[in-house]
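Student: Input work03.txt, format and content: compact mmCIF, C-alpha atoms.
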# COMPACT_ATOMS: atom_id res chain seq x y z
CA MET A 10 -38.78 51.20 -4.47
CA PHE A 11 -35.96 48.90 -5.58
CA LEU A 12 -35.76 47.33 -9.00
CA LEU A 13 -34.26 43.83 -9.09
CA ILE A 14 -32.47 43.16 -12.34
CA LYS A 15 -31.63 39.55 -13.11
CA PRO A 16 -28.56 38.89 -15.20
CA GLU A 17 -29.25 37.31 -18.58
CA ARG A 18 -26.89 34.44 -17.76
CA GLU A 19 -25.58 33.10 -14.50
CA GLU A 20 -22.11 31.56 -14.40
CA ILE A 21 -21.20 29.15 -11.62
CA TYR A 22 -17.59 28.55 -10.71
CA GLU A 23 -16.69 25.64 -8.49
CA LYS A 24 -13.43 26.61 -6.82
CA THR A 25 -13.02 23.30 -5.00
CA SER A 26 -13.84 21.04 -7.94
CA LEU A 27 -11.60 18.03 -8.48
CA SER A 28 -12.63 17.69 -12.14
CA ASN A 29 -9.23 18.67 -13.56
CA ALA A 30 -7.45 16.19 -11.29
CA ILE A 31 -9.98 13.45 -12.14
CA ASP A 32 -9.35 14.02 -15.86
CA LYS A 33 -5.70 13.03 -15.32
CA ILE A 34 -6.53 9.60 -13.88
CA TYR A 35 -9.99 8.59 -15.07
CA ASP A 36 -8.93 6.95 -18.35
CA ALA A 37 -5.95 5.32 -16.65
CA THR A 38 -8.20 3.41 -14.23
CA VAL A 39 -9.59 -0.04 -15.07
CA LEU A 40 -12.02 -2.59 -13.67
CA ILE A 41 -10.32 -5.90 -12.92
CA GLU A 42 -12.20 -9.20 -12.97
CA ALA A 43 -10.78 -12.53 -11.79
CA TYR A 44 -12.42 -15.61 -13.34
CA ASN A 45 -12.23 -19.32 -12.65
CA GLY A 46 -13.60 -20.76 -15.87
CA SER A 47 -16.80 -18.84 -16.58
CA LYS A 48 -17.32 -17.97 -12.91
CA LEU A 49 -16.42 -14.46 -11.72
CA ASN A 50 -14.55 -15.01 -8.46
CA ASN A 51 -13.61 -11.46 -7.58
CA SER A 52 -13.44 -7.94 -8.95
CA GLY A 53 -11.42 -4.87 -8.10
CA THR A 54 -9.64 -1.92 -9.62
CA GLY A 55 -6.25 -1.19 -11.11
CA PHE A 56 -4.49 1.56 -13.03
CA PHE A 57 -1.96 1.97 -15.83
CA TYR A 58 1.30 3.20 -14.33
CA LYS A 59 3.71 2.64 -17.22
CA GLN A 60 3.90 1.84 -20.92
CA ASP A 61 6.55 0.97 -23.47
CA GLU A 62 6.44 0.49 -27.24
CA LYS A 63 4.49 -2.75 -26.94
CA TYR A 64 2.78 -3.05 -23.55
CA ALA A 65 0.91 -1.06 -20.91
CA TYR A 66 1.42 -2.09 -17.27
CA ILE A 67 -1.19 -2.19 -14.51
CA ILE A 68 -0.89 -2.22 -10.72
CA THR A 69 -3.57 -3.81 -8.55
CA ASN A 70 -3.80 -5.69 -5.25
CA GLU A 71 -2.60 -9.27 -5.07
CA HIS A 72 -5.76 -10.26 -3.18
CA VAL A 73 -7.92 -9.02 -6.08
CA ILE A 74 -6.48 -11.58 -8.52
CA ARG A 75 -5.48 -14.31 -6.03
CA ASP A 76 -8.22 -16.82 -6.89
CA GLY A 77 -8.42 -16.10 -10.61
CA LEU A 78 -7.24 -18.40 -13.38
CA ARG A 79 -8.07 -15.73 -15.97
CA ILE A 80 -7.77 -12.00 -15.30
CA ASP A 81 -9.65 -9.52 -17.49
CA ILE A 82 -9.74 -5.75 -17.40
CA VAL A 83 -12.41 -3.36 -18.64
CA ASN A 84 -10.96 0.00 -19.68
CA SER A 85 -12.64 3.39 -19.94
CA ASN A 86 -13.67 2.59 -23.53
CA ASP A 87 -15.63 -0.38 -22.16
CA GLU A 88 -13.28 -2.81 -23.90
CA ARG A 89 -12.81 -6.14 -22.14
CA ILE A 90 -9.23 -7.40 -22.44
CA LYS A 91 -7.52 -10.54 -21.18
CA THR A 92 -4.35 -9.70 -19.26
CA GLU A 93 -1.05 -11.37 -18.55
CA VAL A 94 -0.09 -11.60 -14.88
CA LEU A 95 3.63 -10.79 -14.65
CA GLY A 96 4.16 -11.09 -10.91
CA LYS A 97 2.55 -10.75 -7.50
CA ASP A 98 3.47 -10.74 -3.82
CA GLU A 99 1.10 -11.55 -0.96
CA TYR A 100 3.02 -9.59 1.70
CA LEU A 101 3.14 -6.45 -0.45
CA ASP A 102 -0.45 -7.07 -1.62
CA ILE A 103 0.69 -5.87 -5.04
CA ALA A 104 0.37 -7.50 -8.47
CA VAL A 105 1.52 -6.32 -11.90
CA LEU A 106 -0.39 -7.13 -15.10
CA ARG A 107 0.11 -6.10 -18.71
CA VAL A 108 -1.93 -5.71 -21.88
CA ASP A 109 -1.26 -4.49 -25.40
CA ASN A 110 -0.30 -0.83 -25.39
CA LYS A 111 -3.27 0.14 -27.60
CA TYR A 112 -5.71 -0.46 -24.75
CA ALA A 113 -4.21 2.21 -22.48
CA LYS A 114 -5.87 5.54 -23.19
CA LYS A 115 -3.92 7.31 -20.43
CA ILE A 116 -1.07 6.60 -17.98
CA ALA A 117 -1.32 7.68 -14.34
CA THR A 118 1.02 10.33 -12.95
CA ILE A 119 2.91 8.84 -10.01
CA GLY A 120 3.34 11.12 -6.98
CA ASN A 121 4.78 10.60 -3.49
CA SER A 122 2.88 10.10 -0.25
CA LYS A 123 5.79 11.46 1.81
CA ASN A 124 4.95 14.97 0.61
CA THR A 125 1.38 14.80 1.90
CA LYS A 126 0.00 16.20 5.15
CA ILE A 127 -2.88 15.14 7.36
CA GLY A 128 -5.96 17.05 6.23
CA ASP A 129 -4.95 17.17 2.55
CA THR A 130 -7.78 16.61 0.09
CA ILE A 131 -7.64 13.17 -1.52
CA PHE A 132 -9.86 11.16 -3.83
CA VAL A 133 -10.28 7.60 -5.04
CA VAL A 134 -11.36 6.23 -8.43
CA GLY A 135 -12.60 2.65 -8.50
CA SER A 136 -15.17 0.00 -9.25
CA PRO A 137 -17.22 -0.52 -6.08
CA LEU A 138 -19.41 -3.62 -6.40
CA GLY A 139 -18.03 -4.37 -9.86
CA TYR A 140 -18.99 -3.54 -13.45
CA ASP A 141 -22.15 -1.48 -12.89
CA TYR A 142 -20.39 1.13 -10.76
CA ARG A 143 -16.97 1.19 -12.44
CA GLY A 144 -15.41 4.64 -12.64
CA SER A 145 -16.91 5.83 -9.35
CA VAL A 146 -15.13 8.74 -7.66
CA THR A 147 -15.20 9.45 -3.93
CA SER A 148 -13.27 12.07 -2.00
CA GLY A 149 -12.26 13.03 1.52
CA ILE A 150 -9.15 13.94 3.45
CA LEU A 151 -5.95 12.19 4.41
CA SER A 152 -6.75 11.05 7.95
CA GLY A 153 -3.45 9.52 9.05
CA LYS A 154 0.02 8.43 7.94
CA ASN A 155 2.17 5.45 8.87
CA ARG A 156 -0.82 3.49 10.15
CA LYS A 157 0.02 -0.13 10.90
CA VAL A 158 -2.96 -2.37 10.14
CA ARG A 159 -2.97 -6.04 11.15
CA VAL A 160 -3.86 -8.43 8.35
CA LYS A 161 -3.57 -12.20 7.91
CA THR A 162 -1.18 -13.46 5.24
CA ASN A 163 -0.21 -17.09 4.61
CA ASP A 164 -2.14 -18.00 7.76
CA GLU A 165 0.01 -15.67 9.88
CA ASP A 166 -0.41 -12.15 11.18
CA TRP A 167 1.30 -9.33 9.35
CA LEU A 168 1.40 -5.55 9.85
CA MET A 169 0.87 -3.43 6.77
CA LYS A 170 2.10 0.18 6.87
CA THR A 171 -0.58 2.32 5.24
CA ILE A 172 -2.13 5.73 4.63
CA GLN A 173 -5.51 6.24 6.31
CA VAL A 174 -8.30 8.09 4.47
CA ASP A 175 -11.96 8.83 5.11
CA ALA A 176 -13.07 8.63 1.46
CA SER A 177 -15.80 6.07 0.85
CA ILE A 178 -14.19 2.71 -0.01
CA ASN A 179 -16.22 -0.38 -0.81
CA ARG A 180 -15.69 -3.90 -2.10
CA GLY A 181 -14.27 -3.50 -5.60
CA ASN A 182 -12.19 -0.39 -4.82
CA SER A 183 -9.21 -2.56 -3.89
CA GLY A 184 -6.21 -1.98 -6.14
CA GLY A 185 -7.40 1.43 -7.32
CA PRO A 186 -5.48 4.70 -7.14
CA LEU A 187 -5.51 7.05 -4.17
CA LEU A 188 -4.78 10.54 -5.45
CA ASN A 189 -3.89 14.01 -4.25
CA ILE A 190 -5.59 17.20 -5.40
CA ASN A 191 -3.22 17.40 -8.39
CA GLY A 192 -4.31 14.02 -9.70
CA GLU A 193 -1.05 12.31 -8.75
CA VAL A 194 -1.19 8.75 -7.40
CA ILE A 195 -0.02 8.66 -3.77
CA GLY A 196 -1.28 5.20 -2.83
CA VAL A 197 -2.86 1.91 -3.87
CA VAL A 198 -6.21 1.34 -2.13
CA SER A 199 -5.99 -1.93 -0.21
CA LEU A 200 -8.53 -2.36 2.59
CA LYS A 201 -11.05 -0.86 4.98
CA LEU A 202 -12.11 -1.66 8.52
CA VAL A 203 -15.45 -3.46 8.55
CA GLU A 204 -16.86 -3.37 12.06
CA GLU A 205 -20.20 -2.33 13.52
CA ASP A 206 -18.72 0.65 15.36
CA VAL A 207 -16.39 1.79 12.55
CA GLU A 208 -17.21 4.06 9.63
CA GLY A 209 -15.03 5.79 7.06
CA MET A 210 -11.68 4.14 7.81
CA GLY A 211 -9.97 3.10 4.57
CA PHE A 212 -6.30 2.34 3.98
CA ALA A 213 -3.90 2.47 1.05
CA ILE A 214 -0.36 1.24 0.41
CA PRO A 215 2.02 4.22 -0.07
CA ILE A 216 2.79 4.45 -3.78
CA GLU A 217 6.57 4.75 -3.32
CA TYR A 218 6.58 1.46 -1.41
CA ALA A 219 4.65 -0.28 -4.21
CA MET A 220 6.83 1.25 -6.95
CA ASN A 221 9.97 0.00 -5.21
CA TYR A 222 9.05 -3.51 -6.33
CA THR A 223 7.34 -3.11 -9.71
CA GLU A 224 10.53 -3.90 -11.62
CA TYR A 225 10.85 -7.21 -9.76
CA LEU A 226 7.22 -8.10 -10.42
CA GLU A 227 7.38 -7.07 -14.08
CA ASN A 228 10.10 -9.70 -14.49
CA ASN A 229 8.30 -12.29 -12.34
CA LYS A 230 11.15 -12.29 -9.84
CA GLU A 231 10.58 -13.57 -6.34
CA ILE A 232 10.75 -10.69 -3.88
CA LYS A 233 13.21 -11.55 -1.15
CA HIS A 234 12.50 -9.29 1.77
CA PRO A 235 15.46 -7.91 3.73
CA GLU A 236 16.67 -9.26 7.07
CA LEU A 237 18.85 -7.94 9.88
CA GLY A 238 20.94 -11.09 9.98
CA VAL A 239 20.08 -11.86 13.61
CA LYS A 240 17.98 -14.36 15.52
CA ILE A 241 15.52 -12.50 17.73
CA THR A 242 12.52 -12.84 20.01
CA ASN A 243 10.00 -10.52 21.66
CA SER A 244 11.05 -8.81 24.90
CA THR A 245 7.98 -10.41 26.51
CA ASP A 246 9.09 -13.97 25.61
CA THR A 247 10.44 -14.79 29.06
CA ALA A 248 10.77 -18.53 28.41
CA THR A 249 13.06 -18.05 25.41
CA LEU A 250 15.08 -15.37 27.20
CA LEU A 251 15.64 -17.64 30.23
CA LYS A 252 16.62 -20.51 27.96
CA ASN A 253 19.25 -18.28 26.35
CA ASP A 254 20.43 -16.89 29.71
CA ILE A 255 19.34 -13.32 28.87
CA SER A 256 17.98 -10.87 31.43
CA ILE A 257 16.35 -7.57 30.37
CA ASN A 258 13.86 -4.99 31.65
CA GLN A 259 10.56 -6.74 30.92
CA GLU A 260 8.65 -3.43 30.90
CA LYS A 261 10.37 -2.23 27.72
CA ASP A 262 8.92 -2.94 24.27
CA GLY A 263 11.21 -4.26 21.57
CA VAL A 264 12.92 -7.38 20.29
CA VAL A 265 15.92 -9.10 21.87
CA VAL A 266 18.91 -10.43 19.94
CA LEU A 267 19.57 -14.13 20.58
CA GLU A 268 22.24 -14.77 17.93
CA THR A 269 24.03 -12.39 15.57
CA LYS A 270 26.73 -12.07 12.93
CA ASN A 271 26.88 -8.27 12.79
CA ARG A 272 27.54 -5.33 15.14
CA LEU A 273 24.70 -6.25 17.46
CA ARG A 274 25.32 -8.56 20.40
CA LYS A 275 23.38 -11.24 22.23
CA GLY A 276 21.02 -9.54 24.71
CA ASP A 277 20.71 -6.24 22.81
CA LEU A 278 17.16 -4.84 22.89
CA ILE A 279 16.22 -3.33 19.51
CA ILE A 280 13.77 -0.46 19.98
CA LYS A 281 13.90 1.50 16.69
CA VAL A 282 14.56 1.06 12.96
CA ASP A 283 15.41 4.37 11.25
CA ASN A 284 13.73 6.29 14.09
CA ASN A 285 10.51 4.21 13.85
CA GLU A 286 9.57 2.44 17.07
CA VAL A 287 9.83 -1.34 17.28
CA LYS A 288 7.43 -2.92 19.77
CA ASP A 289 7.67 -6.58 18.75
CA LEU A 290 8.57 -8.96 15.94
CA LEU A 291 5.58 -7.86 13.85
CA THR A 292 6.52 -4.18 13.91
CA LEU A 293 10.20 -4.95 13.27
CA ARG A 294 9.35 -6.93 10.16
CA CYS A 295 6.91 -4.23 9.02
CA GLU A 296 9.63 -1.57 9.28
CA LEU A 297 12.32 -3.72 7.63
CA TYR A 298 10.07 -4.56 4.67
CA GLN A 299 9.98 -0.87 3.74
CA PHE A 300 13.58 -1.36 2.57
CA LYS A 301 15.42 -3.52 0.06
CA GLN A 302 18.29 -5.92 0.52
CA LYS A 303 21.66 -4.13 0.85
CA ASP A 304 20.00 -0.92 2.09
CA LYS A 305 21.67 0.62 5.13
CA VAL A 306 19.43 1.25 8.15
CA GLU A 307 20.00 2.85 11.53
CA ILE A 308 19.21 0.55 14.45
CA THR A 309 18.60 1.97 17.93
CA PHE A 310 19.10 -0.53 20.75
CA ILE A 311 19.73 -0.81 24.47
CA ARG A 312 22.84 -2.58 25.75
CA ASN A 313 23.62 -2.81 29.46
CA GLY A 314 21.03 -0.12 30.16
CA MET A 315 22.57 2.36 27.70
CA LYS A 316 20.85 3.50 24.48
CA ARG A 317 23.06 3.08 21.40
CA LYS A 318 22.82 3.32 17.62
CA THR A 319 24.51 1.51 14.75
CA ILE A 320 24.22 1.24 10.96
CA ILE A 321 23.51 -2.21 9.53
CA THR A 322 23.45 -3.31 5.89
CA LEU A 323 20.37 -5.49 5.36
CA SER A 324 21.01 -9.03 4.15
Write out the structure in this file as structure tokens.
Tutor:
Amino acid sequence: MFLLIKPEREEIYEKTSLSNAIDKIYDATVLIEAYNGSKLNNSGTGFFYKQDEKYAYIITNEHVIRDGLRIDIVNSNDERIKTEVLGKDEYLDIAVLRVDNKYAKKIATIGNSKNTKIGDTIFVVGSPLGYDYRGSVTSGILSGKNRKVRVKTNDEDWLMKTIQVDASINRGNSGGPLLNINGEVIGVVSLKLVEEDVEGMGFAIPIEYAMNYTEYLENNKEIKHPELGVKITNSTDTATLLKNDISINQEKDGVVVLETKNRLRKGDLIIKVDNNEVKDLLTLRCELYQFKQKDKVEITFIRNGMKRKTIITLS
């Protein structure tokens, strides 16, 4: 006969809990509401990334506040505060707001997405569907890096370089923080694929890319994206190539130089920027916009059938 003795108290330890990491970001996350008069046009999420003696600064998506004449936030103390929009950029899909410093209970810890690996645990804090569900936390894994997602900006197509995650993302999560297991921000949640056959595919802007431009936006400076200083066309644009008396291997992806003022020459086929493949004008612009003006980049190109490389300072 065996005697079963129950302990007076059972203790449960959750080894995989994210609670400590969530504590680092929860009070730094805010609901964002964009109003036109008394009408709520849109809502999303943002987070405090910086503060000084007077102000606290918030990052969110540009598309969250785009149609708002008045932008309010609701912080973790349930205080509703009118914000000042300092700057925004549609191509970056980033906007910077500020409020009085007293409304920021906590400031997010900024990490780096470059140090992450596919399969790493990640989580998202946001406001899906607005006020009632603000402060919602969802988790998953990092599903992919350097994903290029096609979006429409200023009535033209644009490729956004993103981090792919499988955490649940819904309307209202846009602009919120994507975090690693240490509670460090590694991305700004931006979009998800909404199709009948697609589930669990969300995307975030790498945080280092967003932070590259916060100083410009804080000072309401226009962001002038870098250029190669060449006139180019797609390798598949046979009409333009014939017009410019250029003959290339039509089976190769890339962009062809038509006019130049740097080390490249007319007829060169650009195939890589800093070891990232260039398939067409969209991917070239996507890769270049990861840099700033005056940055030096390595360009891989084909000239007379030979692969070559050169360093170009972006204009």
Student: Would you please work out which residue, of A:Asp304, A:Glu71, A:Glu165, A:Glu224, is nearest to Leu200 (chain A) when using all atoms listed in the file?
Tutor: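 Among the listed residues, the smallest separation from Leu200 (chain A) belongs to A:Glu71.
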Student: What's the separation between CA of Ser26 (chain A) and CA of Ile190 (chain A), in Å to one decimal place?
Tutor: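 CA of Ser26 (chain A) sits 9.4 Å away from CA of Ile190 (chain A).
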Student: Write out as JSON, numbers by chain the residues lying within 10 Å of region 59-62 of chain A, counting only C-alpha atoms and excluding same-chain residues fewer than 6 positions away.
Tutor: {"A": [68, 107, 108, 109, 110, 111, 113, 115, 116, 117, 118, 119]}
Student: My list of candidates is A:Asp289, A:Glu296, A:Glu227, A:Asp76. Which is closest to Lys261 (chain A) when distances are computed with all atoms listed in the file?
Tutor: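 Counting all atoms listed in the file, the residue closest to Lys261 (chain A) is A:Asp289.
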Student: Using all atoms listed in the file for the distances, tell me which of A:Lys126, A:Lys33, A:Lys281, A:Arg294 is nearest to Lys170 (chain A).
Tutor: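 Looking only at the distances to Lys170 (chain A), the closest residue turns out to be A:Arg294.
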Student: For Leu101 (chain A), please output as a list in words all residues within 9 Å (counting all atoms listed in the file; exclusion window: fewer than 5 positions along the same chain).
Tutor: Asn70, Glu71, Met169, Ile214, Tyr218, Ala219, Tyr222 and Tyr298 of chain A
Student: Could you tell me which of A:Ile311, A:Ile255, A:Ala248, A:Val73 comes closest to Gly139 (chain A) if we count only C-alpha atoms?
Tutor: A:Val73
Student: Give me the residues near Glu88 (chain A) as an NGL selection string, where near means some atom within 12 Å (using all atoms listed in the file) and where sequence neighbours in that chain fewer than 6 positions away do not count.
Tutor: :A and (39-41 or 81-82 or 108 or 111-114 or 140)
Student: Taking only C-alpha atoms into account, name the residue in A:Ile178, A:Ile31, A:Ile127, A:Ala65 that is nearest to Glu193 (chain A).
Tutor: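 Nearest candidate to Glu193 (chain A) out of A:Ile178, A:Ile31, A:Ile127, A:Ala65: A:Ile31.
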Student: With only C-alpha atoms as the basis for distance, which of A:Asn284, A:Asn86, A:Thr292, A:Thr249 is at the shortest distance from Phe310 (chain A)?
Tutor: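 Looking at the shortest contact to Phe310 (chain A), the residue is A:Asn284.
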Student: How many Å separate CA of Val160 (chain A) from CA of Gly128 (chain A)?
Tutor: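 Distance between the two atoms: 25.7 Å.
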Student: Give as a compact mmCIF listing (two decimals) with C-alpha atoms, keeping the file's coordinate frame the set of residues within 8 Å of the point (-14.9, 15.6, 2.1), where distances use the file's coordinates and only C-alpha atoms.
Tutor:
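Generated file (selection-v4.txt):
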# COMPACT_ATOMS: atom_id res chain seq x y z
CA THR A 130 -7.78 16.61 0.09
CA SER A 148 -13.27 12.07 -2.00
CA GLY A 149 -12.26 13.03 1.52
CA ILE A 150 -9.15 13.94 3.45
CA ASP A 175 -11.96 8.83 5.11
CA ALA A 176 -13.07 8.63 1.46
Student: Report, in Å with one decimal, the straight-line distance from CA of Asn285 (chain A) to CA of Pro186 (chain A).
Tutor: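 Taking CA of Asn285 (chain A) as the start and CA of Pro186 (chain A) as the end point, the length is 26.4 Å.
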Student: Compute the distance from (-9.0, -9.8, -16.6) to each atom, counting only C-alpha atoms, keep the residues with any atom at most 7 Å away, and return them as a list in words; use the coordinates of the file.
Tutor: Ile41, Glu42, Ala43, Arg79, Ile80, Asp81, Ile82, Ile90, Lys91 and Thr92 of chain A
Student: I want to know what sits within 10 Å of region 131-133 of chain A, based on only C-alpha atoms, with residues of the same chain fewer than 6 positions away left out; could you give that as a PyMOL selection string?
Tutor: chain A and resi 27+30-31+34+125+144-152+174-178+182+185-198
